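The structure appears right after this line, and notes come after that.
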Amino acid sequence: MRRSYRTVGVLWLLFAGSAAAAQTEPGTRAERAKEAGAEVTNDTASIPDFAKMRAPNSPAFALLNLSPSQVERPSNPTQLVATLGSKLTENPNGLVPNGIALEVFPYWLTPAWGVSWEDVNRQQLATPLRTLSLSVATVGSNLPASDPASFTDLATGARTQILIGHASRECNDAIRKLGALQQEVVNIASPPDEVLAEMKRKHGFATPEFNSALNAYKDARLKEEKKDFEATLTSITKAVHDQCETAGRFGFLLEAAGAYSWRFEQSNAKRGTSNSGAAWLNASWVAKTWSAILLGRFQANSLGHLPNRSADAGLRLISQQKQWAASVESVFRRTFEGDTGWRYRVAGIVDYRLVGETWVSVSFGRDGLVSDIGSLFALANLKWSFGKPQLASPPSS
Amino acid sequence: MSVINETKSAPYLAAAGADVQVELQFASGQKAAWKAKLEGKTDPWTGNDAQTKPFVIGKGADVKGKMLQVTAFMTDVEPATNLLAHKVIVRAPGSKDLTIAFQENPTTSGESALYTSVILFV
């Protein structure tokens, strides 16, 4: 009987899919899943990046609606100075450089002595500072600088995580395995007293030959005692990356971000005016098979034909099971200029696993954020996804 | 994956009656394990990146003529930086501190470094 219900459900989804066959959803299922239906219709496709449900990783890029293919991330002060210097000297005539995409984690620019992995991964007073990132982006109008209508937009942004939840059990296990391997390595690579004394006798102490002999000893010992050392290390560091970085964190998370942009007429650094600004505040609870995100957002735009300010409040719920996954979101918007009535958007997506990695997806909702008329959209299509599914997989399996 | 393999060595003069203290430091949230062994002593000191409280290895007179080796293995696990930096600091009242420092900035994430410091007490 249970099987029959499943079959009926699948047939219903296929029917819905054929009814909406005229619309084809762009992007991969994973991309759509991440945005919980944020790009399911042409109407919603016009919503810029900063209208999505999570605070963006790089607010400056989001404010200018940029997805730069190459972002410069200097990791020390020398690299930062070199990066900024090269950009500023590109335009010696007081022009704002075009094509900047820079992201910096200020806390990590210099060595953070005495800060252990455990310190970074538990909630501390310094957490917001450690997770702070600054972003800078510029984009030009594609017109010659001599054209009076040309301009360059420059945005700066900041993002931080105030509450970071906790790492997964799988992440902690991978870190424990790494710690055990590291301890094994230092035991293997430490020479006995007599070996060290012999090196000192043969090469003299603190000579380049002494240091080289010790390096050679460490290499040889690791090869001799731990033949699979490099493979094991690679496997464990990959597990750490997958479970601690890619899988994200769990529990209660609180993130804040803000960005502000200026427009420079004819790219002239002295002819800048305020352009737009945005601020985000995200509170979320992330569990293994479900998550909830609460969003507060403020946007202001002082350029263009209709300067406006608006505030959004939104909620998104996601459930991820083995056989299916579902996400619903709603956003309410209050605009402070013109029509100040409340607008809203609701959207949802349901994925169902037919067999293996073949999934059927249905999206639905109403978007009334941009225009108060709104549009009811319903879309279903059959997708074959041969990669690991995103929405339907628990975040760390 | 290749592991950065580096050794540095230096002599240190401590007053005979002074406590010789050793401190290890690891930077920027990276995962590490370490072992410090004094020549002639059977029990080494061991720990990880979170266990870096300074420890006394003996009086200046006790350690004179002996070598202390500190082996540390560090792996880049912090996504915000690729820095692999480690320091060994030797202190004794009446003597200038000795600092042996290692620092590498690998261009890719997940790299490891095997650092060894050898100090000869003269």
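Within each chain, counting starts at residue 1; across the structure tokens, chains are named A, B, ... in the order shown, with ligands numbered 1 upward in that order.
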
Per residue of chain A within 8 Å of chain B, note the shortest atom pair and the distance in Å to one decimal, counting only C-alpha atoms, and order the rows by chain and increasing residue number, as a Markdown table.
```
| residue | atom | partner | partner_atom | distance |
| --- | --- | --- | --- | --- |
| A:Ser75 | CA | B:Thr81 | CA | 6.2 |
| A:Phe105 | CA | B:Ala80 | CA | 6.8 |
| A:Trp108 | CA | B:Thr81 | CA | 6.2 |
| A:Leu109 | CA | B:Thr81 | CA | 7.9 |
| A:Pro111 | CA | B:Ala27 | CA | 5.5 |
| A:Ala112 | CA | B:Ser28 | CA | 4.5 |
| A:Trp113 | CA | B:Ala27 | CA | 4.2 |
| A:Gly114 | CA | B:Phe26 | CA | 5.7 |
| A:Val115 | CA | B:Gly29 | CA | 5.2 |
| A:Ser116 | CA | B:Gly29 | CA | 4.3 |
| A:Trp117 | CA | B:Gly29 | CA | 4.2 |
| A:Glu118 | CA | B:Ala50 | CA | 7.0 |
| A:Asp119 | CA | B:Gly29 | CA | 7.2 |
| A:Val120 | CA | B:Gly29 | CA | 6.0 |
| A:Gly179 | CA | B:Ala33 | CA | 6.5 |
| A:Gln182 | CA | B:Ala33 | CA | 5.5 |
| A:Gln183 | CA | B:Ala33 | CA | 5.3 |
| A:Val185 | CA | B:Phe73 | CA | 7.1 |
| A:Val186 | CA | B:Thr71 | CA | 5.8 |
| A:Asn187 | CA | B:Lys35 | CA | 7.2 |
| A:Ala189 | CA | B:Thr71 | CA | 7.4 |
| A:Ser190 | CA | B:Thr71 | CA | 6.4 |
| A:Asp193 | CA | B:Glu39 | CA | 5.7 |
| A:Phe205 | CA | B:Ser9 | CA | 7.5 |
| A:Ala206 | CA | B:Ser9 | CA | 4.8 |
| A:Thr207 | CA | B:Ser9 | CA | 7.9 |
| A:Asn211 | CA | B:Thr7 | CA | 5.3 |
| A:Ser212 | CA | B:Thr7 | CA | 7.4 |
| A:Leu214 | CA | B:Thr7 | CA | 6.9 |
| A:Asn215 | CA | B:Asn5 | CA | 6.3 |
| A:Asp219 | CA | B:Asn5 | CA | 8.0 |
| A:Glu230 | CA | B:Met1 | CA | 6.4 |
| A:Thr234 | CA | B:Met1 | CA | 6.7 |
| A:Thr237 | CA | B:Gly110 | CA | 6.1 |
| A:Lys238 | CA | B:Gly110 | CA | 7.8 |
| A:Val240 | CA | B:Val77 | CA | 7.2 |
| A:His241 | CA | B:Val77 | CA | 7.3 |
| A:Glu245 | CA | B:Pro79 | CA | 7.2 |
```

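The residues of range 96-158 of chain A that DSSP classifies as strand (DSSP E), using the backbone of this structure, are Ala101, Leu102, Glu103, Val104, Ser133, Leu134, Ser135, Val136, Ala137, Thr138, Val139, Gly140, Phe151, Thr152, Asp153, Leu154, Ala155, Thr156, Gly157 and Ala158 of chain A.
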
If you run DSSP on this backbone, which residues of range 76-125 of chain A come out as helix (DSSP H, G or I), and could you give them as a CSV table (one decimal) with all heavy atoms, in the first residue's frame?
```csv
chain,number,residue,atom,x,y,z
A,77,PRO,N,50.3,40.8,5.2
A,77,PRO,CA,50.4,42.2,4.9
A,77,PRO,C,51.1,42.5,3.6
A,77,PRO,O,50.7,43.4,2.8
A,77,PRO,CB,51.1,42.8,6.1
A,77,PRO,CG,50.9,41.8,7.2
A,77,PRO,CD,50.8,40.5,6.5
A,78,THR,N,52.2,41.8,3.3
A,78,THR,CA,53.0,42.0,2.1
A,78,THR,C,52.1,41.8,0.8
A,78,THR,O,52.1,42.7,-0.1
A,78,THR,CB,54.2,41.1,2.0
A,78,THR,OG1,54.8,41.1,3.3
A,78,THR,CG2,55.2,41.4,0.9
A,79,GLN,N,51.4,40.7,0.8
A,79,GLN,CA,50.5,40.4,-0.3
A,79,GLN,C,49.4,41.5,-0.4
A,79,GLN,O,49.0,41.9,-1.5
A,79,GLN,CB,49.8,39.1,-0.2
A,79,GLN,CG,50.7,37.9,-0.5
A,79,GLN,CD,50.0,36.6,-0.3
A,79,GLN,OE1,48.8,36.5,-0.1
A,79,GLN,NE2,50.8,35.5,-0.4
A,80,LEU,N,48.9,42.0,0.7
A,80,LEU,CA,47.8,43.0,0.7
A,80,LEU,C,48.3,44.3,0.1
A,80,LEU,O,47.7,44.9,-0.8
A,80,LEU,CB,47.3,43.2,2.1
A,80,LEU,CG,46.2,44.3,2.3
A,80,LEU,CD1,45.0,43.9,1.5
A,80,LEU,CD2,45.9,44.5,3.8
A,81,VAL,N,49.5,44.7,0.6
A,81,VAL,CA,50.1,46.0,0.1
A,81,VAL,C,50.4,45.8,-1.4
A,81,VAL,O,50.1,46.7,-2.2
A,81,VAL,CB,51.4,46.3,0.8
A,81,VAL,CG1,52.1,47.4,0.2
A,81,VAL,CG2,51.0,46.7,2.3
A,82,ALA,N,50.9,44.7,-1.8
A,82,ALA,CA,51.2,44.5,-3.3
A,82,ALA,C,50.0,44.5,-4.1
A,82,ALA,O,49.9,45.1,-5.2
A,82,ALA,CB,51.9,43.1,-3.4
A,83,THR,N,48.9,43.9,-3.6
A,83,THR,CA,47.6,43.8,-4.4
A,83,THR,C,47.1,45.2,-4.5
A,83,THR,O,46.7,45.7,-5.6
A,83,THR,CB,46.6,42.9,-3.6
A,83,THR,OG1,47.2,41.6,-3.5
A,83,THR,CG2,45.3,42.8,-4.4
A,84,LEU,N,47.0,45.9,-3.4
A,84,LEU,CA,46.4,47.3,-3.4
A,84,LEU,C,47.3,48.2,-4.3
A,84,LEU,O,46.8,49.0,-5.1
A,84,LEU,CB,46.3,47.9,-2.0
A,84,LEU,CG,45.2,47.2,-1.1
A,84,LEU,CD1,45.2,47.8,0.3
A,84,LEU,CD2,43.8,47.4,-1.7
A,85,GLY,N,48.6,48.1,-4.1
A,85,GLY,CA,49.5,48.9,-4.8
A,85,GLY,C,49.4,48.7,-6.3
A,85,GLY,O,49.3,49.7,-7.1
A,86,SER,N,49.3,47.5,-6.8
A,86,SER,CA,49.2,47.3,-8.2
A,86,SER,C,47.9,47.8,-8.8
A,86,SER,O,47.8,48.4,-9.9
A,86,SER,CB,49.3,45.8,-8.5
A,86,SER,OG,48.1,45.1,-8.1
A,87,LYS,N,46.8,47.8,-8.0
A,87,LYS,CA,45.5,48.3,-8.4
A,87,LYS,C,45.5,49.8,-8.5
A,87,LYS,O,45.0,50.4,-9.4
A,87,LYS,CB,44.4,47.8,-7.5
A,87,LYS,CG,44.0,46.4,-7.6
A,87,LYS,CD,43.5,46.0,-8.9
A,87,LYS,CE,43.2,44.5,-9.0
A,87,LYS,NZ,42.9,44.1,-10.4
A,88,LEU,N,46.2,50.4,-7.5
A,88,LEU,CA,46.1,51.9,-7.5
A,88,LEU,C,47.1,52.5,-8.5
A,88,LEU,O,46.8,53.6,-9.1
A,88,LEU,CB,46.5,52.4,-6.1
A,88,LEU,CG,45.5,52.1,-5.0
A,88,LEU,CD1,46.0,52.5,-3.6
A,88,LEU,CD2,44.2,52.7,-5.3
A,89,THR,N,48.2,51.8,-8.8
A,89,THR,CA,49.1,52.3,-9.8
A,89,THR,C,48.7,52.1,-11.2
A,89,THR,O,49.2,52.6,-12.2
A,89,THR,CB,50.5,51.8,-9.6
A,89,THR,OG1,50.4,50.4,-9.5
A,89,THR,CG2,51.1,52.3,-8.3
A,90,GLU,N,47.6,51.2,-11.4
A,90,GLU,CA,47.1,50.9,-12.7
A,90,GLU,C,46.5,52.2,-13.3
A,90,GLU,O,46.5,52.4,-14.5
A,90,GLU,CB,46.0,49.9,-12.7
A,90,GLU,CG,46.4,48.5,-12.9
A,90,GLU,CD,45.3,47.5,-12.7
A,90,GLU,OE1,44.1,47.9,-12.7
A,90,GLU,OE2,45.6,46.3,-12.4
A,106,PRO,N,41.1,40.1,8.1
A,106,PRO,CA,42.1,40.9,8.8
A,106,PRO,C,42.8,40.2,9.9
A,106,PRO,O,44.0,40.3,10.1
A,106,PRO,CB,41.4,42.1,9.3
A,106,PRO,CG,40.1,42.2,8.6
A,106,PRO,CD,39.8,40.8,8.1
A,107,TYR,N,42.0,39.4,10.7
A,107,TYR,CA,42.6,38.7,11.9
A,107,TYR,C,43.7,37.7,11.5
A,107,TYR,O,44.6,37.5,12.2
A,107,TYR,CB,41.4,37.9,12.6
A,107,TYR,CG,41.9,37.2,13.8
A,107,TYR,CD1,41.9,37.9,15.0
A,107,TYR,CD2,42.3,35.9,13.8
A,107,TYR,CE1,42.3,37.3,16.2
A,107,TYR,CE2,42.7,35.3,15.0
A,107,TYR,CZ,42.7,36.0,16.2
A,107,TYR,OH,43.1,35.4,17.3
A,108,TRP,N,43.6,37.2,10.3
A,108,TRP,CA,44.5,36.1,9.8
A,108,TRP,C,45.7,36.7,9.0
A,108,TRP,O,46.5,35.9,8.5
A,108,TRP,CB,43.8,35.0,9.1
A,108,TRP,CG,42.7,34.5,9.9
A,108,TRP,CD1,41.3,34.7,9.8
A,108,TRP,CD2,42.8,33.5,11.0
A,108,TRP,NE1,40.6,34.0,10.8
A,108,TRP,CE2,41.5,33.3,11.5
A,108,TRP,CE3,43.9,32.9,11.6
A,108,TRP,CZ2,41.3,32.4,12.6
A,108,TRP,CZ3,43.6,32.1,12.7
A,108,TRP,CH2,42.4,31.8,13.2
A,117,TRP,N,43.4,25.2,17.2
A,117,TRP,CA,42.2,24.8,16.5
A,117,TRP,C,41.0,24.8,17.4
A,117,TRP,O,39.9,25.3,17.0
A,117,TRP,CB,42.4,23.4,15.9
A,117,TRP,CG,41.2,23.0,15.0
A,117,TRP,CD1,41.1,23.2,13.7
A,117,TRP,CD2,40.1,22.2,15.4
A,117,TRP,NE1,39.9,22.7,13.3
A,117,TRP,CE2,39.3,22.1,14.3
A,117,TRP,CE3,39.7,21.6,16.6
A,117,TRP,CZ2,38.1,21.4,14.3
A,117,TRP,CZ3,38.5,20.9,16.7
A,117,TRP,CH2,37.7,20.8,15.5
A,118,GLU,N,41.1,24.3,18.6
A,118,GLU,CA,40.0,24.3,19.6
A,118,GLU,C,39.5,25.7,19.9
A,118,GLU,O,38.3,26.0,20.0
A,118,GLU,CB,40.4,23.6,20.9
A,118,GLU,CG,40.5,22.1,20.8
A,118,GLU,CD,41.7,21.6,20.1
A,118,GLU,OE1,42.7,22.4,19.8
A,118,GLU,OE2,41.8,20.4,19.8
A,119,ASP,N,40.5,26.7,20.0
A,119,ASP,CA,40.1,28.1,20.2
A,119,ASP,C,39.2,28.6,19.1
A,119,ASP,O,38.2,29.3,19.4
A,119,ASP,CB,41.3,29.0,20.3
A,119,ASP,CG,42.1,28.7,21.6
A,119,ASP,OD1,41.5,28.3,22.6
A,119,ASP,OD2,43.4,29.0,21.6
A,120,VAL,N,39.6,28.3,17.9
A,120,VAL,CA,38.9,28.8,16.7
A,120,VAL,C,37.5,28.2,16.6
A,120,VAL,O,36.5,28.8,16.2
A,120,VAL,CB,39.7,28.6,15.4
A,120,VAL,CG1,38.9,29.0,14.2
A,120,VAL,CG2,41.0,29.3,15.5
```

Please list as a PyMOL selection string every residue within 12 Å of Asp312 in chain A, counting only C-alpha atoms and excluding residues in the same chain fewer than 6 positions away.
chain A and resi 50-53+278-282+294-300+330-336+342-345+369

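The spacing separating CA of Gly140 in chain A from CA of Gly99 in chain A amounts to 7.4 Å.
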
Which residue gives the smallest distance to Val122 in chain B among B:Tyr12, B:Phe55, B:Trp45, B:Phe102, with only C-alpha atoms counted?
B:Tyr12
